[in-house]
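**Student:** Got a structure here, written out as structure tokens. Questions coming.
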Amino acid sequence: HQFLLSQGYTISYATVCSYIKNIESCKEKKKSEAFIRLFYDPGCIAEFDWGEVLLFIDGVKTKFYLAVFTFGHSNGRYAYLFRHQNTLAFMESHRNFFRDIHGVPAMMVYDNMRVAVKSFVGGDKKPTEALMKMSGFYCFEYRFCNVRAGWEKGHVERSVEYVRRKAFCLTDHFGDIHSAQEHLNRVCMQVNNEQGSLSTAEKTSRLEADLSSLKPFPGNLGCFEVYEYIVDKWSTISMKNVHYSVPDSLVGEKVHVKVYSEKIVILYGKEKVASHQRSYCGGDWCIKLEHYLRTLSRKPGALPHSVVWQRAPEKLRRLYDIHFKEDNRTFVLLLDYARKNGFSGTDIVAACKELTGRGVRKISPDQVKAMLHGSVQGETEETMEPPVLPAQQENIEREAVDMLEGITALMTGYNEVHDIIPTI
């Protein structure tokens, strides 16, 4: 319409629309394709596919990937959220699925996704190492669809859109990914138990048949990657432009990092020295106060201006401002003492709250330490045997006197027989 007007024609927009509509209606209609409805035995087959969903996590719009599993027999659906569509997510999704259904289907069906198909050799498809590892551990067979033939796994193709709409059409704001996953689990449970029409009348019984016909669950497969890093001068390791803290005694040392999709675990030798929730924000610093207490005890003046202190719990920082602001070193030594004795910052806050409730205005570190150990001692005393009652005490004393008299008589008889004169 705009082109015709630029050429000097006087014509309405509706006329152009009618003209285009007539052209489309005159085209030869594409012949509809027929599909063959398939039947699967219970526990025989499950299909897997990815989907995308946009959610607001703590107010930030974030793209997630939806890993969806669907049983061929019952059409039962299970779904899991991940930040990336990579090998770790691929393996973890299968581990979670097999763990939730407490079994393994005989066969898994995939399309030509990169995390499942490593390469095409002639007409054959070579599986990735991750898929071969899972297949060997969980003892399932796998099958790939033909290229651009999504109908070969039609159950899960529709399930991705169905689960996404059911779960996140009305609710898409969450505090974190864990609360979003919990919401998704509840929706999948409702979907698997729905019986609102003729097509879903036997869904529950069919799903039970699927779950009862699965192969045995062999346990959880370790789904992580291991990398080696050197701890930098900030007492952190930098992984994909994100810093994660470790104890400051390890500066310059080599550590091994187990990388999961949502967390990392840092090992020094065989000892676990730190763990963090994984961050996907470039330039982020994931640091913990307890990892820097050794350095802060030598440089206490750096405490209030340090980044790690700004990341500390708000209640702990408020406690410092009220009672310890004039003595950084004392406060740092208190934190270090609590860490070495198995107490946390939350325990310190609770102890100070208890002291304040008893009328203590000026709280000292010794009072906090006594309160910490006092709470543990109180818990221990509750598990001890009840005190001895007065009547029981009287019986014990009487038995003791009788025993002493018996011993005295025995010794007297022994002395008379052997002519022993007792020493006075």
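In the structure tokens, chains take letters A, B, ... by order of appearance, with residues numbered from 1 within each chain and ligands from 1 in the order shown.
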Write out as a tab-separated table the residues of range 279-353 of chain A that have any atom within 12 Å of an atom of range 254-266 of chain A, one row each with the nearest atom pair and its distance in Å to one decimal, counting only C-alpha atoms, sorted by chain and then rising number.
**Tutor:**
```
residue	atom	partner	partner_atom	distance
A:Ser279	CA	A:Glu262	CA	7.8
A:Tyr280	CA	A:Glu262	CA	9.3
A:Cys286	CA	A:Ile264	CA	11.0
```
**Student:** Please write the residues from the selection above to a file, keeping N, CA, C and O atoms, as a compact mmCIF listing (two decimals), in the first residue's frame.
**Tutor:**
```txt
# COMPACT_ATOMS: atom_id res chain seq x y z
N SER A 279 27.60 -18.29 39.81
CA SER A 279 27.11 -17.03 39.28
C SER A 279 27.34 -16.98 37.77
O SER A 279 28.38 -17.41 37.28
N TYR A 280 26.36 -16.43 37.06
CA TYR A 280 26.47 -16.28 35.61
C TYR A 280 26.57 -14.81 35.21
O TYR A 280 26.39 -14.46 34.05
N CYS A 286 31.97 -13.60 44.23
CA CYS A 286 31.28 -14.46 45.20
C CYS A 286 32.27 -14.77 46.31
O CYS A 286 33.08 -15.70 46.20
```
**Student:** Run DSSP on the backbone and tell me which residues of range 114-148 of chain A come out as strand (DSSP E or B); list them as a VMD selection string.
**Tutor:** chain A and resid 117 to 121 124 to 127 141 to 144
**Student:** How about saving the chosen residues, all heavy atoms kept, as a CSV table (one decimal), in the first residue's frame?
**Tutor:**
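Final output, saved to selection-v4.csv:
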```csv
chain,number,residue,atom,x,y,z
A,117,VAL,N,24.3,-35.5,19.9
A,117,VAL,CA,25.0,-36.0,18.7
A,117,VAL,C,26.3,-35.3,18.5
A,117,VAL,O,26.4,-34.1,18.4
A,117,VAL,CB,24.1,-35.8,17.4
A,117,VAL,CG1,24.8,-36.3,16.2
A,117,VAL,CG2,22.7,-36.5,17.6
A,118,LYS,N,27.4,-36.1,18.5
A,118,LYS,CA,28.7,-35.5,18.3
A,118,LYS,C,29.0,-35.2,16.9
A,118,LYS,O,29.6,-34.1,16.6
A,118,LYS,CB,29.8,-36.5,18.9
A,118,LYS,CG,31.2,-36.0,18.9
A,118,LYS,CD,32.1,-37.0,19.5
A,118,LYS,CE,33.6,-36.5,19.5
A,118,LYS,NZ,34.5,-37.5,20.1
A,119,SER,N,28.7,-36.1,16.0
A,119,SER,CA,29.0,-35.9,14.6
A,119,SER,C,28.2,-36.8,13.7
A,119,SER,O,27.6,-37.8,14.2
A,119,SER,CB,30.5,-36.2,14.3
A,119,SER,OG,30.8,-37.5,14.6
A,120,PHE,N,28.1,-36.5,12.4
A,120,PHE,CA,27.4,-37.3,11.4
A,120,PHE,C,28.4,-38.0,10.6
A,120,PHE,O,29.3,-37.3,9.9
A,120,PHE,CB,26.5,-36.4,10.6
A,120,PHE,CG,25.3,-35.8,11.3
A,120,PHE,CD1,25.5,-34.7,12.1
A,120,PHE,CD2,24.1,-36.5,11.3
A,120,PHE,CE1,24.4,-34.1,12.7
A,120,PHE,CE2,23.0,-35.9,12.0
A,120,PHE,CZ,23.2,-34.8,12.7
A,121,VAL,N,28.4,-39.3,10.5
A,121,VAL,CA,29.4,-40.0,9.7
A,121,VAL,C,28.6,-40.8,8.7
A,121,VAL,O,28.0,-41.9,9.0
A,121,VAL,CB,30.3,-41.0,10.6
A,121,VAL,CG1,31.2,-41.7,9.7
A,121,VAL,CG2,31.0,-40.2,11.6
A,124,ASP,N,25.1,-42.4,9.6
A,124,ASP,CA,25.1,-42.7,11.0
A,124,ASP,C,25.4,-41.4,11.8
A,124,ASP,O,26.1,-40.5,11.4
A,124,ASP,CB,26.1,-43.8,11.3
A,124,ASP,CG,25.7,-45.1,10.6
A,124,ASP,OD1,24.5,-45.3,10.3
A,124,ASP,OD2,26.7,-45.8,10.3
A,125,LYS,N,24.9,-41.5,13.1
A,125,LYS,CA,25.1,-40.4,14.0
A,125,LYS,C,25.9,-40.9,15.2
A,125,LYS,O,25.5,-41.9,15.8
A,125,LYS,CB,23.8,-39.8,14.5
A,125,LYS,CG,22.9,-39.2,13.3
A,125,LYS,CD,21.5,-38.9,13.8
A,125,LYS,CE,20.7,-38.5,12.6
A,125,LYS,NZ,19.3,-38.3,12.9
A,126,LYS,N,27.0,-40.2,15.5
A,126,LYS,CA,27.8,-40.6,16.6
A,126,LYS,C,27.4,-39.9,17.9
A,126,LYS,O,27.4,-38.7,17.9
A,126,LYS,CB,29.3,-40.3,16.2
A,126,LYS,CG,30.3,-40.9,17.3
A,126,LYS,CD,31.7,-40.6,16.8
A,126,LYS,CE,32.7,-41.2,17.8
A,126,LYS,NZ,34.1,-41.0,17.4
A,127,PRO,N,27.1,-40.6,18.9
A,127,PRO,CA,26.7,-40.0,20.2
A,127,PRO,C,27.8,-39.3,20.9
A,127,PRO,O,29.0,-39.6,20.7
A,127,PRO,CB,26.1,-41.1,21.0
A,127,PRO,CG,26.9,-42.3,20.5
A,127,PRO,CD,27.1,-42.1,19.0
A,141,GLU,N,18.9,-47.7,26.3
A,141,GLU,CA,19.2,-47.5,24.8
A,141,GLU,C,18.7,-46.1,24.4
A,141,GLU,O,17.9,-45.5,25.0
A,141,GLU,CB,18.6,-48.6,24.0
A,141,GLU,CG,19.1,-50.0,24.4
A,141,GLU,CD,18.4,-51.1,23.5
A,141,GLU,OE1,17.6,-50.7,22.6
A,141,GLU,OE2,18.6,-52.3,23.8
A,142,TYR,N,19.3,-45.7,23.2
A,142,TYR,CA,18.9,-44.4,22.7
A,142,TYR,C,18.7,-44.4,21.2
A,142,TYR,O,19.2,-45.3,20.5
A,142,TYR,CB,20.0,-43.3,23.1
A,142,TYR,CG,21.4,-43.7,22.7
A,142,TYR,CD1,21.8,-43.4,21.4
A,142,TYR,CD2,22.2,-44.3,23.6
A,142,TYR,CE1,23.1,-43.8,21.0
A,142,TYR,CE2,23.5,-44.6,23.2
A,142,TYR,CZ,23.9,-44.4,21.9
A,142,TYR,OH,25.2,-44.8,21.6
A,143,ARG,N,17.9,-43.5,20.8
A,143,ARG,CA,17.5,-43.4,19.3
A,143,ARG,C,17.4,-42.0,18.9
A,143,ARG,O,16.9,-41.1,19.7
A,143,ARG,CB,16.2,-44.2,19.1
A,143,ARG,CG,15.7,-44.0,17.6
A,143,ARG,CD,14.5,-45.0,17.4
A,143,ARG,NE,13.4,-44.6,18.2
A,143,ARG,CZ,12.5,-43.7,17.9
A,143,ARG,NH1,12.7,-42.9,16.8
A,143,ARG,NH2,11.4,-43.4,18.7
A,144,PHE,N,17.9,-41.6,17.7
A,144,PHE,CA,17.8,-40.3,17.2
A,144,PHE,C,16.8,-40.2,16.1
A,144,PHE,O,16.6,-41.1,15.4
A,144,PHE,CB,19.2,-39.8,16.6
A,144,PHE,CG,20.3,-39.9,17.6
A,144,PHE,CD1,21.3,-40.8,17.5
A,144,PHE,CD2,20.3,-39.0,18.7
A,144,PHE,CE1,22.4,-40.8,18.4
A,144,PHE,CE2,21.4,-39.0,19.6
A,144,PHE,CZ,22.4,-39.9,19.5
```
**Student:** Give me the residues near range 39-41 of chain A as a PyMOL selection string, where near means some atom within 7 Å (using only C-alpha atoms) and where sequence neighbours in that chain fewer than 3 positions away do not count.
**Tutor:** chain A and resi 44+72-73
**Student:** Any idea what's packed within 8 Å of range 158-175 of chain A, counting only C-alpha atoms, ignoring anything in its chain fewer than 3 positions away? Could you give it as an NGL selection string?
**Tutor:** :A and (49-51 or 53-59 or 66 or 68 or 70 or 77 or 79 or 154-155 or 179-180 or 183-184 or 187-188)
**Student:** Could you pull out the residues in range 51-261 of chain A that DSSP calls alpha helix (DSSP H) from the backbone, as a PyMOL selection string?
**Tutor:** chain A and resi 87-101+129-138+154-168+177-193+203-212
**Student:** Taking into account only C-alpha atoms, which residue in the set A:Met132, A:Cys139, A:Ala350, A:Leu333 is nearest to Pro365 in chain A?
**Tutor:**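 Result for the nearest residue to Pro365 in chain A: A:Leu333.
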**Student:** Extract, using only C-alpha atoms, all DNA, RNA and protein residues at most 10 Å from His243 in chain A, discarding same-chain residues fewer than 3 positions from it, and format them as a PyMOL selection string.
**Tutor:** chain A and resi 232+234-240+246+279+282-287
**Student:** Using C-alpha atoms, can you export the residues from the last selection as a PDB file, in the first residue's frame?
**Tutor:**
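Final file, out_32.pdb:
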```
ATOM      1  CA  ASP A 232      45.252 -15.347  43.065  1.00  0.00           C
ATOM      2  CA  TRP A 234      42.706 -11.766  46.261  1.00  0.00           C
ATOM      3  CA  SER A 235      42.350 -15.316  47.621  1.00  0.00           C
ATOM      4  CA  THR A 236      39.957 -16.187  44.796  1.00  0.00           C
ATOM      5  CA  ILE A 237      39.858 -18.317  41.695  1.00  0.00           C
ATOM      6  CA  SER A 238      38.590 -16.646  38.536  1.00  0.00           C
ATOM      7  CA  MET A 239      36.304 -18.847  36.437  1.00  0.00           C
ATOM      8  CA  LYS A 240      34.622 -17.349  33.363  1.00  0.00           C
ATOM      9  CA  VAL A 246      38.832 -19.649  49.118  1.00  0.00           C
ATOM     10  CA  SER A 279      27.114 -17.026  39.281  1.00  0.00           C
ATOM     11  CA  GLY A 282      30.337 -11.516  34.352  1.00  0.00           C
ATOM     12  CA  GLY A 283      32.558  -9.553  36.744  1.00  0.00           C
ATOM     13  CA  ASP A 284      30.752 -10.819  39.854  1.00  0.00           C
ATOM     14  CA  TRP A 285      32.581 -11.529  43.136  1.00  0.00           C
ATOM     15  CA  CYS A 286      31.277 -14.463  45.201  1.00  0.00           C
ATOM     16  CA  ILE A 287      33.251 -14.097  48.428  1.00  0.00           C
TER      17      ILE A 287
END
```
**Student:** Go ahead and compute the interatomic distance for CA of Gln85 in chain A and CA of Tyr65 in chain A, in Å to one decimal.
**Tutor:**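 Answer for the CA of Gln85 in chain A to CA of Tyr65 in chain A separation: 6.3 Å.
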**Student:** Smallest atom-to-atom distance to Ser205 in chain A: which of A:Trp309, A:Asn192, A:His373, A:Tyr244, using only C-alpha atoms?
**Tutor:**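 Closest to Ser205 in chain A of all the choices is A:Asn192.
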**Student:** So which residues touch Phe97 in chain A within 8 Å, counting only C-alpha atoms, skipping near sequence neighbours fewer than 4 positions away, as a ChimeraX atom specification?
**Tutor:** /A:69,78,93,101
**Student:** Could you please take those selected residues and save C-alpha atoms as a CSV table (one decimal), in the first residue's frame?
**Tutor:**
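New file again.csv:
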```
chain,number,residue,atom,x,y,z
A,69,PHE,CA,10.8,-35.5,29.5
A,78,TYR,CA,8.7,-33.9,33.9
A,93,SER,CA,18.5,-33.1,33.7
A,101,ILE,CA,10.8,-41.4,38.8
```
**Student:** Please compute the CA of Phe71 in chain A-CA of Leu207 in chain A distance, one decimal, in Å.
**Tutor:**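 Going from CA of Phe71 in chain A over to CA of Leu207 in chain A covers 8.1 Å.
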**Student:** Leaving out Leu289 in chain A and any residue of its chain fewer than 3 positions from it, which residues lie within 7 Å of it when counting only C-alpha atoms, given as a PyMOL selection string?
**Tutor:** chain A and resi 292-293+308-309+312
**Student:** In Å to one decimal, how far is CA of Pro105 in chain A from CA of His84 in chain A?
**Tutor:** 25.0 Å
